[in-house]
Structure formats: structure tokens, C-alpha cells
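Dumped final_18.cif below, it's mmCIF, C-alpha atoms:
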```
data_input
loop_
_atom_site.label_atom_id
_atom_site.label_comp_id
_atom_site.auth_asym_id
_atom_site.auth_seq_id
_atom_site.Cartn_x
_atom_site.Cartn_y
_atom_site.Cartn_z
CA MET A 269 -11.07 -8.02 12.51
CA ASN A 270 -12.34 -4.98 14.36
CA LEU A 271 -12.60 -2.05 11.95
CA GLN A 272 -13.67 0.54 14.50
CA ASN A 273 -11.91 2.60 17.18
CA ASN A 274 -8.42 2.00 15.81
CA THR A 275 -5.55 4.44 15.40
CA ILE A 276 -4.31 4.00 11.84
CA LEU A 277 -1.33 5.31 9.87
CA ILE A 278 -1.75 5.27 6.09
CA THR A 279 1.37 6.10 4.10
CA GLY A 280 0.75 7.86 0.82
CA GLY A 281 -2.65 8.82 2.13
CA SER A 282 -3.06 12.22 0.50
CA SER A 283 -4.65 11.01 -2.74
CA GLY A 284 -5.94 8.00 -4.62
CA LEU A 285 -6.46 4.72 -2.79
CA GLY A 286 -4.79 6.01 0.37
CA LEU A 287 -7.16 8.95 0.68
CA GLU A 288 -10.17 6.75 -0.04
CA MET A 289 -9.04 4.36 2.70
CA ALA A 290 -8.77 7.32 5.06
CA LYS A 291 -12.31 8.45 4.21
CA GLN A 292 -13.84 5.04 4.77
CA PHE A 293 -11.90 4.34 7.96
CA ILE A 294 -12.95 7.71 9.39
CA LYS A 295 -16.59 6.84 8.69
CA LEU A 296 -16.03 3.76 10.88
CA GLN A 297 -14.99 5.93 13.85
CA ASN A 298 -11.24 5.44 13.55
CA LYS A 299 -8.48 7.96 14.20
CA VAL A 300 -6.56 8.24 10.92
CA LEU A 301 -3.10 9.63 10.32
CA ILE A 302 -1.70 10.06 6.83
CA CYS A 303 1.73 10.98 5.57
CA SER A 304 2.98 12.18 2.20
CA ARG A 305 5.95 14.08 0.86
CA ASN A 306 3.61 16.58 -0.83
CA ARG A 307 2.52 19.26 1.65
CA ASP A 308 -0.02 20.78 -0.74
CA LYS A 309 -1.80 17.46 -1.22
CA LEU A 310 -1.84 16.88 2.53
CA GLU A 311 -3.37 20.29 3.11
CA ALA A 312 -6.02 19.60 0.46
CA ALA A 313 -6.81 16.24 2.05
CA LYS A 314 -7.07 17.89 5.47
CA LYS A 315 -9.44 20.49 4.03
CA SER A 316 -11.74 17.80 2.66
CA LEU A 317 -11.45 15.64 5.80
CA PRO A 318 -10.84 17.86 8.85
CA GLU A 319 -10.57 14.80 11.11
CA LEU A 320 -7.37 13.73 9.37
CA ILE A 321 -4.02 14.04 11.12
CA THR A 322 -1.26 14.79 8.61
CA TYR A 323 2.52 14.59 8.56
CA VAL A 324 4.96 15.58 5.81
CA CYS A 325 7.47 12.82 5.15
CA ASP A 326 9.55 11.62 2.21
CA LEU A 327 9.53 7.87 2.82
CA SER A 328 12.42 7.30 0.42
CA LYS A 329 14.72 8.81 3.08
CA GLU A 330 15.72 6.70 6.08
CA ALA A 331 16.06 9.67 8.44
CA GLU A 332 12.54 10.89 7.66
CA ARG A 333 11.11 7.43 8.30
CA LYS A 334 12.78 7.43 11.72
CA ASN A 335 11.43 10.92 12.44
CA LEU A 336 7.93 9.78 11.52
CA ALA A 337 8.14 6.82 13.91
CA ALA A 338 9.45 8.98 16.73
CA TRP A 339 6.71 11.57 16.19
CA ILE A 340 3.99 8.96 16.32
CA GLN A 341 5.51 7.26 19.35
CA SER A 342 5.45 10.59 21.20
CA ASN A 343 2.06 11.83 20.02
CA TYR A 344 -0.05 8.82 19.05
CA PRO A 345 1.09 5.79 21.07
CA SER A 346 -2.37 4.29 20.57
CA LEU A 347 -1.37 3.42 16.98
CA ASN A 348 -2.40 -0.17 16.30
CA MET A 349 -2.59 -0.34 12.51
CA LEU A 350 0.04 0.48 9.88
CA ILE A 351 -0.99 0.53 6.22
CA ASN A 352 2.02 0.60 3.90
CA ASN A 353 0.33 2.12 0.88
CA ALA A 354 2.80 4.69 -0.50
CA ALA A 355 4.35 3.82 -3.86
CA ILE A 356 5.76 5.53 -6.92
CA VAL A 357 6.17 4.35 -10.49
CA HIS A 358 8.33 5.28 -13.44
CA ARG A 359 6.91 4.36 -16.82
CA ASN A 360 10.02 4.00 -18.88
CA ASN A 361 12.00 1.88 -21.29
CA PHE A 362 14.78 0.70 -19.00
CA SER A 363 17.37 0.18 -21.75
CA ASN A 364 16.81 3.58 -23.36
CA ASP A 365 16.33 5.78 -20.29
CA PRO A 366 19.66 7.35 -19.22
CA ASP A 367 18.26 7.90 -15.71
CA ALA A 368 16.83 4.40 -15.36
CA PHE A 369 19.11 3.34 -12.51
CA GLU A 370 18.49 6.47 -10.43
CA LYS A 371 14.74 6.06 -10.95
CA ALA A 372 15.00 2.41 -9.95
CA VAL A 373 16.75 3.33 -6.70
CA ASN A 374 13.98 5.80 -5.87
CA GLU A 375 11.27 3.23 -6.57
CA ILE A 376 13.01 0.54 -4.52
CA GLN A 377 13.53 2.91 -1.61
CA THR A 378 9.89 4.05 -1.62
CA ASN A 379 8.03 0.88 -2.60
CA LEU A 380 10.09 -1.80 -0.87
CA LEU A 381 12.67 -0.56 1.64
CA ALA A 382 10.29 1.99 3.17
CA PRO A 383 7.57 -0.54 4.12
CA ILE A 384 10.22 -2.99 5.36
CA HIS A 385 11.84 -0.28 7.49
CA LEU A 386 8.51 1.06 8.78
CA THR A 387 7.48 -2.46 9.73
CA LYS A 388 10.67 -2.81 11.76
CA LEU A 389 10.22 0.61 13.38
CA PHE A 390 6.54 0.25 14.24
CA LEU A 391 6.22 -3.42 15.12
CA PRO A 392 7.27 -3.01 18.79
CA MET A 393 4.83 -0.09 19.16
CA LEU A 394 1.98 -1.97 17.51
CA GLN A 395 2.51 -5.10 19.58
CA GLN A 396 1.85 -3.18 22.78
CA HIS A 397 -1.83 -3.43 21.84
CA SER A 398 -3.88 -6.60 22.13
CA THR A 399 -5.01 -6.35 18.51
CA ASN A 400 -2.80 -4.81 15.86
CA SER A 401 -2.19 -5.10 12.14
CA ILE A 402 0.27 -4.32 9.39
CA ILE A 403 -1.36 -4.09 5.98
CA ASN A 404 0.88 -4.04 2.92
CA ILE A 405 -0.73 -2.76 -0.26
CA SER A 406 0.33 -4.50 -3.45
CA THR A 407 -1.07 -5.44 -6.81
CA GLY A 408 -2.06 -8.30 -9.08
CA LEU A 409 1.09 -7.44 -11.03
CA VAL A 410 3.06 -9.50 -8.49
CA TYR A 411 1.80 -12.50 -10.51
CA THR A 412 2.15 -11.12 -14.03
CA PRO A 413 4.20 -7.96 -14.65
CA ARG A 414 3.20 -5.08 -16.86
CA ALA A 415 6.21 -4.23 -19.03
CA LEU A 416 5.47 -0.51 -18.85
CA TYR A 417 6.53 -0.55 -15.16
CA PRO A 418 9.80 -2.52 -15.13
CA ILE A 419 10.85 -1.69 -11.56
CA TYR A 420 7.45 -1.14 -9.94
CA ASN A 421 6.44 -4.75 -10.68
CA ALA A 422 9.64 -6.02 -9.11
CA THR A 423 9.25 -3.96 -5.92
CA LYS A 424 5.70 -5.18 -5.39
CA ALA A 425 6.66 -8.80 -6.07
CA ALA A 426 9.40 -8.45 -3.44
CA LEU A 427 6.95 -6.89 -0.96
CA HIS A 428 4.55 -9.79 -1.59
CA SER A 429 7.31 -12.27 -0.76
CA PHE A 430 8.42 -10.33 2.33
CA THR A 431 4.84 -10.19 3.62
CA GLN A 432 4.39 -13.95 3.30
CA ALA A 433 7.70 -14.67 5.04
CA LEU A 434 7.07 -12.20 7.87
CA ARG A 435 3.59 -13.63 8.48
CA HIS A 436 5.10 -17.09 8.84
CA GLN A 437 7.95 -15.91 11.08
CA ILE A 438 5.84 -14.12 13.68
CA ASN A 439 3.02 -16.65 13.83
CA PRO A 440 1.62 -17.14 16.39
CA SER A 441 1.38 -13.58 17.67
CA ASN A 442 -1.22 -10.88 18.22
CA THR A 443 -0.17 -9.13 15.01
CA ASN A 444 -2.06 -9.62 11.74
CA ILE A 445 0.25 -9.42 8.73
CA ILE A 446 -2.06 -8.67 5.83
CA GLU A 447 -1.58 -8.07 2.13
CA VAL A 448 -4.17 -6.44 -0.10
CA LEU A 449 -3.61 -6.97 -3.82
CA PHE A 450 -5.50 -4.41 -5.89
CA PRO A 451 -6.44 -4.61 -9.57
CA VAL A 452 -6.33 -1.56 -11.83
CA VAL A 453 -7.98 1.30 -9.92
CA ASP A 454 -8.90 4.64 -11.46
CA THR A 455 -6.73 6.99 -9.39
CA PRO A 456 -4.32 9.89 -10.13
CA TRP A 457 -1.55 7.25 -10.14
CA HIS A 458 -2.47 6.62 -13.79
CA GLU A 459 -2.12 10.31 -14.68
CA GLY A 460 -5.49 10.38 -16.41
CA ASN A 461 -4.79 7.27 -18.51
CA ALA A 462 -6.29 4.46 -16.46
CA PRO A 463 -7.13 1.34 -18.51
CA LYS A 464 -10.80 0.85 -19.34
CA ILE A 465 -11.08 -2.07 -16.91
CA ALA A 466 -10.14 0.13 -13.92
CA ILE A 467 -12.54 0.07 -10.97
CA SER A 468 -13.31 3.01 -8.72
CA PRO A 469 -11.36 3.64 -5.50
CA GLN A 470 -14.64 3.53 -3.59
CA LYS A 471 -15.45 0.04 -4.86
CA ALA A 472 -11.89 -1.21 -4.29
CA VAL A 473 -11.69 0.00 -0.69
CA LYS A 474 -15.21 -1.16 0.13
CA GLU A 475 -14.24 -4.69 -0.91
CA MET A 476 -10.99 -4.43 1.05
CA LEU A 477 -12.87 -3.52 4.24
CA ALA A 478 -15.37 -6.32 3.75
CA ARG A 479 -12.57 -8.87 3.43
CA LEU A 480 -10.70 -7.43 6.41
CA HIS A 481 -13.89 -7.84 8.42
CA GLN A 482 -13.79 -11.53 7.45
CA ASN A 483 -10.25 -11.79 8.88
CA LYS A 484 -8.63 -12.57 5.53
CA LEU A 485 -4.85 -12.22 5.50
CA GLU A 486 -4.19 -12.24 1.74
CA ILE A 487 -6.90 -10.27 0.00
CA LYS A 488 -7.21 -10.36 -3.78
CA ILE A 489 -9.50 -7.53 -4.88
CA GLY A 490 -11.69 -7.71 -7.98
CA ALA A 491 -10.06 -9.38 -10.97
CA VAL A 492 -6.81 -10.17 -9.12
CA LYS A 493 -8.08 -13.63 -8.16
CA LEU A 494 -8.69 -14.42 -11.84
CA LEU A 495 -5.24 -13.12 -12.78
CA TYR A 496 -3.69 -15.28 -10.06
CA TYR A 497 -5.21 -18.47 -11.46
CA LEU A 498 -4.58 -17.46 -15.07
CA SER A 499 -0.90 -16.80 -14.32
CA ARG A 500 -0.60 -20.36 -12.96
CA ILE A 501 -2.51 -22.09 -15.73
CA ALA A 502 -1.36 -20.07 -18.75
CA PRO A 503 1.43 -17.64 -17.75
CA GLY A 504 2.25 -16.65 -21.33
CA PHE A 505 -1.36 -15.79 -22.08
CA ALA A 506 -1.67 -13.87 -18.79
CA PHE A 507 1.43 -11.82 -19.62
CA LYS A 508 0.13 -11.06 -23.12
CA LYS A 509 -3.28 -10.08 -21.75
CA ILE A 510 -1.90 -7.72 -19.06
CA ASN A 511 0.36 -6.03 -21.58
CA SER A 512 -2.40 -5.46 -24.11
CA LEU A 513 -4.52 -3.34 -21.75
CA ASN A 514 -5.37 0.16 -22.88
#
```
So, in terms of C-alpha cells, how does the structure I just supplied come out?
Amino acid sequence: MNLQNNTILITGGSSGLGLEMAKQFIKLQNKVLICSRNRDKLEAAKKSLPELITYVCDLSKEAERKNLAAWIQSNYPSLNMLINNAAIVHRNNFSNDPDAFEKAVNEIQTNLLAPIHLTKLFLPMLQQHSTNSIINISTGLVYTPRALYPIYNATKAALHSFTQALRHQINPSNTNIIEVLFPVVDTPWHEGNAPKIAISPQKAVKEMLARLHQNKLEIKIGAVKLLYYLSRIAPGFAFKKINSLN
């Protein structure tokens, strides 16, 4: 896979893994666009990386997703890579949280329906280019859920399934449908409480790029490969192990 001279949209690119992806893709001479619902974070990202192109967008809202697609179609028709990275999480006890359903709707809209909708919106635009890719960012928790994130796990498991089905449906085509499954990464997503086994964003993205260069379509980063096998061989042990992390 060619990792240079692309035009790339990274959702949720204003911090954490998304911002680290932007940094490393820019170093490879790519044009990088990022979107986020937080204007302040976008402005901070732009200050640290002046080459970034930013757009304010709440991906949980259908109308804003459509506006984003129309803006890119008009201004950056060279787009040939979509990275569905944006995600939110609510750490809650589902049975005790009076707002659990409303939070679940927000997570499902952002983590699952948004990447599905963006894929539908952007696919015709992407396929105008001889090489193009959709990269869905997920997690090793698609194999073994962490009970602290009751809805997040489910949205990522659904995105994993959708990615596999879409890849099969459009094959053969000039579009790469890729999934990158990350382990625990020390980012602001953990609100300062990342488990001790967390790896750095730099290391995680560096491995991602190396595997993309090898044309891998389902990329298990770091310890995710071990978790995958463990979940098949001893699912109860894998579940216990994931939920004992601190």
C-alpha cells in the first residue's frame, strides 16, 4: 500500500491516536484532513501541525456527516483515504445509570452508525481514484469485552463485523477495506487512568503504518493477536484477564 502522496480524512483526529496518525502521515508527505466536534482541540492540533486541514463536525448527527462529505467533495476531491477513528465511551454501570439508554444511543451513533454512514457517503468519491482505502479503527475488545464499557465493546464488535462483510461484498474492487485493532494505548481517552500495559500512541501508529505498507487488511496491533487466540482457546480466562486490568 502506498503511504505517500494521499489525501486522507481522519475522524476524531484532534487528539490521541487520531492526532498521532495525522502527525505520522504528514511526515510521509500526505495531505491530512481531520474533523472533531471540539473546536478548541482542532485549533490546538492546527497550532502544533500547521499543515493540518481541520473541520468542526459532530459525527453523531446525520446532517453534519452529510455536510462534511459535501465540503470535502467541493474542496478536496482528491480524497482517497478515509480513516474512521472517532469514538466515544461511557464508563458506567448500565443497570444503575438512569441515563444509560441515552448514553448508549450517543455511543452507537458515533462509534457505529457514523462510520457506516461515512463509508456510504465517501465510497463513490474514493472509488474515483485508482487506489483508495477505508480504514476502520477498532480494538481487541471485539474479541473479549471489558465490562467497564458495556456499549463501547458492542459498537466496536459490530463495526468489526460490518468491515468483514463489506470487504467480502466489494471484492474484487480497487478499494481496500481495512481494519486496525488496537490494544490499550495511553491516550486522553483513558482520562489519565490508562492500564499499566498501555503502549504509546507513537508505537501503536508506527506498527499500524508498517502493516499497512505490507498490504494487510486486518491488522492486530501489539497484544491484540495474543488476545484473539486466547479468546478462542480459553474465552473465560480471556474475559477474566481483560477485566482484571488496572
Using only C-alpha atoms, find each residue in stretch 333-430 of chain A having at least one atom no more than 12 Å away from stretch 470-477 of chain A; report its shortest atom-to-atom pair and that distance in Å (one decimal), rows by chain then rising number, as a Markdown table.
```
| residue | atom | partner | partner_atom | distance |
| --- | --- | --- | --- | --- |
| A:Ile403 | CA | A:Met476 | CA | 10.8 |
| A:Ile405 | CA | A:Met476 | CA | 10.5 |
| A:Thr407 | CA | A:Ala472 | CA | 11.9 |
```
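Contact shell of A:Ser499 at 10 Å (only C-alpha atoms; same-chain neighbours under 6 positions omitted): Tyr411, Thr412, Lys493, Phe505, Ala506 and Phe507 of chain A.
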Could those residues be written to a file, using C-alpha atoms, as a short mmCIF file (atom, residue, chain, number, x, y, z; two decimals), in the coordinates of the input?
```
data_model
loop_
_atom_site.label_atom_id
_atom_site.label_comp_id
_atom_site.auth_asym_id
_atom_site.auth_seq_id
_atom_site.Cartn_x
_atom_site.Cartn_y
_atom_site.Cartn_z
CA TYR A 411 1.80 -12.50 -10.51
CA THR A 412 2.15 -11.12 -14.03
CA LYS A 493 -8.08 -13.63 -8.16
CA PHE A 505 -1.36 -15.79 -22.08
CA ALA A 506 -1.67 -13.87 -18.79
CA PHE A 507 1.43 -11.82 -19.62
#
```
Evaluate the PyMOL selection byres ((chain A and resi 422) around 10) and record the selected residues as a list in words, following the chain and residue labels used in the document.
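That expression, the PyMOL selection byres ((chain A and resi 422) around 10), corresponds here to Glu375, Ile376, Asn379, Leu380, Leu409, Val410, Pro413, Tyr417, Pro418, Ile419, Tyr420, Asn421, Thr423, Lys424, Ala425, Ala426, Leu427 and His428 of chain A.
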Step by step, work through what the PyMOL selection byres ((chain A and resi 292-303) around 7) selects in the shown file, and finish by giving those residues as a list in words.
Leu271, Gln272, Asn273, Asn274, Thr275, Ile276, Leu277, Ile278, Thr279, Gly280, Gly281, Ser282, Glu288, Met289, Ala290, Lys291, Ser304, Leu320, Ile321, Thr322, Tyr323, Val324 and Cys325 of chain A
For atom CA of A:Asn348 and atom CA of A:Asn270, determine how far apart the two atoms are, in Å to one decimal place.
11.2 Å
Distance of atom CA of A:Leu350 from atom CA of A:Gln377, expressed in Å to one decimal place
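About the pair atom CA of A:Gln377 and atom CA of A:Leu350: they are 17.9 Å apart.
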Using all atoms listed in the file, pick whichever of A:Lys488, A:His385, A:Lys509, A:Arg479 has the shortest atom-to-atom distance to A:Ala331.
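Going through A:Lys488, A:His385, A:Lys509, A:Arg479 one by one, the smallest distance to A:Ala331 is for A:His385.
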Given the PyMOL selection byres ((chain A and resi 329) around 10) and the file above, list the residues it selects as a ChimeraX atom specification.
/A:325-328,330-334,374,377-378,381-382
